[in-house]
Amino acid sequence: LDRRIARCQKKAPPVLPRINGVARKPQRPRRLDLSAPAVDVRDNEFRLKQIPAAVRSMTHLTELWLSNNTLGAANNSLQGIPAEIGRLRGLRVLAAENCALMSVPAEIAQLARLETLRLSGNLLSALPDVAALLAACEGAPSPGLFCLKELALAGNQLFELPPALALARSLRRLDLADNAIAELPSPADARKLLPRCLVSLDLSRNSLDTAPPADHPINRLPQLHELLLAGNPFCAG
């Protein structure tokens with residue numbers, strides 16, 4: 001009798017995720033298209049703990065989207081972005097946000113065409129220093145990061161404006177919100193670090209105790225249209 005009852009019982013259907021109220025079967029990860037000019041593996045679709053070796057050899061790539069993976073996780077023996085990233089000389093966009101990265105290789109300076117670099121939401125306390133970046137791109141027709149127009153470093157552990165900014169002379173948008181920056185660079189250093197073509201600078205929710213004085217170079221950048229300082233201690237008063 002128990003056996004007959006067991007055979008008659010219907011197996012409960014699996015619970016499927018619902019999108020806009022409609023149950024959808026989970027999709028299998030797509031295969032990488034090794035001929036595409038852009039690779040998008042955001043949102044952990046491939047559960048990446050490292051950049052696939054095939055991607056590292058795709059020298060024709062112009063965009064590489066890696067955000068929301070676990071490239072820098074503590075249990076990952078191949079942590080972070082590898083030095084081989086420098087092989088992707090045609091890369092214009094590199095996004096590795098929310099990847100638990102603790103460092104970035106100096107070889108990013110070999111990406112002479114890079115225009116957008118997004119590294120927000122990581123564990124970075126610094127970028128490679130200027131000497132390391134220049135050494136990495138020695139012999140290149142133009143200094144590393146020269147073409148960079150957008151740099152997003154929000155939500156890291158930076159305590160100062162990265163000295164590497166001195167190489168990014170085409171930078172237009174710089175996001176440093178939600179870090180631990182406690183003071184602005186001196187006027188002399190600010191002139192070296194902040195290009196005159198900068199349009200937007202976000203320093204919100206850092207640890208600044210004083211606002212930049214009126215004669216500070218930050219307030220004299222000719223094209224700056226957006227300077228965000230909300231959420232710093234000096235704003236509390």
# chains A, B, ... in the order shown; residues from 1 in each chain; ligands from 1

call {"tool": "residues_around", "arguments": {"residues": "Pro233 (chain A)", "least_positions_apart": "4", "cutoff": "9 Å", "atoms": "only C-alpha atoms", "output": "PyMOL selection string"}}
result
chain A and resi 205-210+237

call {"tool": "select_by_dssp", "arguments": {"residues": "region 29-217 of chain A", "states": "strand (DSSP E or B)", "output": "ChimeraX atom specification"}}
result
/A:38-40,63-65,93-95,116-118,150-152,173-175,200-202

call {"tool": "select_by_dssp", "arguments": {"residues": "region 78-236 of chain A", "states": "helix (DSSP H, G or I)", "output": "number ranges by chain"}}
result
A: 83-87, 106-110, 130-136, 163-167, 187-193, 217-220, 233-235

call {"tool": "closest_residue", "arguments": {"among": "A:Ala214, A:Ala109, A:Leu119, A:Ala136", "to": "Ala168 (chain A)", "atoms": "only C-alpha atoms"}}
result
A:Ala109

call {"tool": "residues_around", "arguments": {"residues": "Val199 (chain A)", "least_positions_apart": "6", "cutoff": "8 Å", "atoms": "only C-alpha atoms", "output": "ChimeraX atom specification"}}
result
/A:172-173,223-226

call {"tool": "write_last_selection", "arguments": {"atoms": "all heavy atoms", "output": "tab-separated table (two decimals), in the first residue's frame"}}
result
chain	number	residue	atom	x	y	z
A	172	ARG	N	38.24	63.87	-17.59
A	172	ARG	CA	37.12	64.81	-17.51
A	172	ARG	C	36.19	64.50	-16.33
A	172	ARG	O	35.57	65.40	-15.78
A	172	ARG	CB	36.32	64.79	-18.82
A	172	ARG	CG	37.13	65.28	-20.01
A	172	ARG	CD	36.31	65.33	-21.29
A	172	ARG	NE	35.18	66.23	-21.24
A	172	ARG	CZ	35.27	67.55	-21.36
A	172	ARG	NH1	36.45	68.11	-21.54
A	172	ARG	NH2	34.19	68.31	-21.30
A	173	ARG	N	36.10	63.24	-15.94
A	173	ARG	CA	35.23	62.87	-14.83
A	173	ARG	C	36.00	62.00	-13.84
A	173	ARG	O	36.58	60.99	-14.23
A	173	ARG	CB	33.98	62.12	-15.33
A	173	ARG	CG	33.12	62.97	-16.25
A	173	ARG	CD	31.79	62.30	-16.60
A	173	ARG	NE	30.97	63.18	-17.41
A	173	ARG	CZ	30.20	64.14	-16.94
A	173	ARG	NH1	30.12	64.35	-15.64
A	173	ARG	NH2	29.50	64.91	-17.75
A	223	GLN	N	37.08	74.32	-16.56
A	223	GLN	CA	35.94	73.61	-17.14
A	223	GLN	C	35.12	72.85	-16.09
A	223	GLN	O	34.18	72.15	-16.45
A	223	GLN	CB	36.43	72.66	-18.23
A	223	GLN	CG	37.09	73.36	-19.41
A	223	GLN	CD	37.40	72.42	-20.55
A	223	GLN	OE1	36.63	71.51	-20.86
A	223	GLN	NE2	38.53	72.61	-21.19
A	224	LEU	N	35.48	72.99	-14.82
A	224	LEU	CA	34.78	72.23	-13.79
A	224	LEU	C	33.37	72.77	-13.59
A	224	LEU	O	33.16	73.91	-13.21
A	224	LEU	CB	35.56	72.31	-12.47
A	224	LEU	CG	35.09	71.36	-11.37
A	224	LEU	CD1	35.37	69.92	-11.76
A	224	LEU	CD2	35.76	71.69	-10.04
A	225	HIS	N	32.38	71.91	-13.85
A	225	HIS	CA	30.98	72.29	-13.70
A	225	HIS	C	30.33	71.63	-12.49
A	225	HIS	O	29.26	72.06	-12.05
A	225	HIS	CB	30.19	71.91	-14.95
A	225	HIS	CG	30.61	72.63	-16.19
A	225	HIS	ND1	30.72	74.01	-16.25
A	225	HIS	CD2	30.97	72.19	-17.42
A	225	HIS	CE1	31.11	74.37	-17.47
A	225	HIS	NE2	31.28	73.28	-18.19
A	226	GLU	N	30.97	70.58	-11.97
A	226	GLU	CA	30.36	69.81	-10.88
A	226	GLU	C	31.43	69.44	-9.86
A	226	GLU	O	32.36	68.70	-10.16
A	226	GLU	CB	29.70	68.55	-11.44
A	226	GLU	CG	28.97	67.72	-10.42
A	226	GLU	CD	28.29	66.51	-11.05
A	226	GLU	OE1	28.99	65.72	-11.71
A	226	GLU	OE2	27.07	66.36	-10.89

call {"tool": "closest_residue", "arguments": {"among": "A:Pro162, A:Gly80, A:Pro52, A:Gly155", "to": "Ser120 (chain A)", "atoms": "only C-alpha atoms"}}
result
A:Gly155

call {"tool": "residues_around", "arguments": {"residues": "region 110-116 of chain A", "least_positions_apart": "2", "cutoff": "7 Å", "atoms": "only C-alpha atoms", "output": "NGL selection string"}}
result
:A and (86 or 88-94 or 107-108 or 118 or 136-137 or 142 or 144-151)

call {"tool": "atom_distance", "arguments": {"atom1": "CA of His60 (chain A)", "atom2": "CA of Ala96 (chain A)"}}
result
18.9 Å

call {"tool": "closest_residue", "arguments": {"among": "A:Leu194, A:Pro128, A:Leu158, A:Leu153", "to": "Ser170 (chain A)", "atoms": "only C-alpha atoms"}}
result
A:Leu194

call {"tool": "closest_residue", "arguments": {"among": "A:Asn122, A:Asn68, A:Thr59, A:Asn219", "to": "Ala154 (chain A)", "atoms": "only C-alpha atoms"}}
result
A:Asn122

call {"tool": "closest_residue", "arguments": {"among": "A:Cys197, A:Ala135, A:Ile51, A:Ala106", "to": "Arg169 (chain A)", "atoms": "only C-alpha atoms"}}
result
A:Cys197

call {"tool": "residues_around", "arguments": {"residues": "Leu193 (chain A)", "least_positions_apart": "2", "cutoff": "12 Å", "atoms": "only C-alpha atoms", "output": "count of residues only"}}
result
29

call {"tool": "atom_distance", "arguments": {"atom1": "CA of Ala177 (chain A)", "atom2": "CA of Ser200 (chain A)"}}
result
11.9 Å

call {"tool": "atom_distance", "arguments": {"atom1": "CA of Glu183 (chain A)", "atom2": "CA of Phe234 (chain A)"}}
result
11.2 Å

call {"tool": "residues_around", "arguments": {"residues": "Leu66 (chain A)", "least_positions_apart": "2", "cutoff": "8 Å", "atoms": "only C-alpha atoms", "output": "PyMOL selection string"}}
result
chain A and resi 40-43+64+68-69+94-97+99

call {"tool": "write_last_selection", "arguments": {"atoms": "C-alpha atoms", "output": "CSV table (one decimal), in the first residue's frame"}}
result
chain,number,residue,atom,x,y,z
A,40,ASP,CA,30.6,41.5,-20.8
A,41,VAL,CA,30.7,39.1,-17.9
A,42,ARG,CA,29.2,41.4,-15.3
A,43,ASP,CA,26.9,40.3,-12.4
A,64,LEU,CA,35.9,44.5,-21.0
A,68,ASN,CA,30.3,42.1,-9.7
A,69,ASN,CA,32.5,39.1,-9.9
A,94,LEU,CA,37.7,48.5,-18.5
A,95,ALA,CA,35.1,48.0,-15.7
A,96,ALA,CA,35.9,45.9,-12.6
A,97,GLU,CA,33.5,47.3,-10.0
A,99,CYS,CA,35.2,42.7,-7.4

call {"tool": "decode", "arguments": {"residues": "region 68-114 of chain A", "atoms": "C-alpha atoms", "output": "compact mmCIF listing (two decimals), in the first residue's frame"}}
result
# COMPACT_ATOMS: atom_id res chain seq x y z
CA ASN A 68 30.30 42.12 -9.71
CA ASN A 69 32.51 39.06 -9.88
CA THR A 70 34.92 37.78 -7.21
CA LEU A 71 38.26 38.47 -8.85
CA GLY A 72 39.90 39.60 -5.62
CA ALA A 73 38.21 37.29 -3.13
CA ALA A 74 40.37 36.18 -0.21
CA ASN A 75 40.05 32.49 -1.13
CA ASN A 76 41.10 33.16 -4.71
CA SER A 77 44.73 32.14 -5.29
CA LEU A 78 44.80 34.09 -8.57
CA GLN A 79 43.55 37.34 -7.13
CA GLY A 80 42.78 40.46 -9.06
CA ILE A 81 43.46 41.73 -12.54
CA PRO A 82 46.51 39.97 -14.01
CA ALA A 83 49.49 41.77 -15.53
CA GLU A 84 48.50 40.27 -18.88
CA ILE A 85 45.79 42.93 -19.08
CA GLY A 86 48.48 45.07 -20.70
CA ARG A 87 48.26 42.92 -23.83
CA LEU A 88 44.82 44.33 -24.65
CA ARG A 89 46.29 47.42 -26.29
CA GLY A 90 43.05 48.40 -28.04
CA LEU A 91 40.98 48.47 -24.85
CA ARG A 92 38.93 51.65 -24.39
CA VAL A 93 36.66 50.57 -21.50
CA LEU A 94 37.69 48.49 -18.48
CA ALA A 95 35.11 48.02 -15.71
CA ALA A 96 35.87 45.91 -12.63
CA GLU A 97 33.52 47.31 -9.98
CA ASN A 98 32.58 45.35 -6.86
CA CYS A 99 35.20 42.67 -7.43
CA ALA A 100 36.95 42.78 -4.01
CA LEU A 101 40.14 44.01 -5.69
CA MET A 102 42.96 45.00 -3.36
CA SER A 103 45.37 46.16 -6.07
CA VAL A 104 45.64 47.01 -9.74
CA PRO A 105 48.65 46.04 -11.86
CA ALA A 106 50.92 48.78 -13.22
CA GLU A 107 50.42 47.18 -16.63
CA ILE A 108 47.17 49.12 -17.01
CA ALA A 109 49.50 51.89 -18.17
CA GLN A 110 50.10 49.84 -21.31
CA LEU A 111 46.47 50.43 -22.31
CA ALA A 112 47.30 53.56 -24.25
CA ARG A 113 43.78 53.90 -25.69
CA LEU A 114 41.91 53.43 -22.42
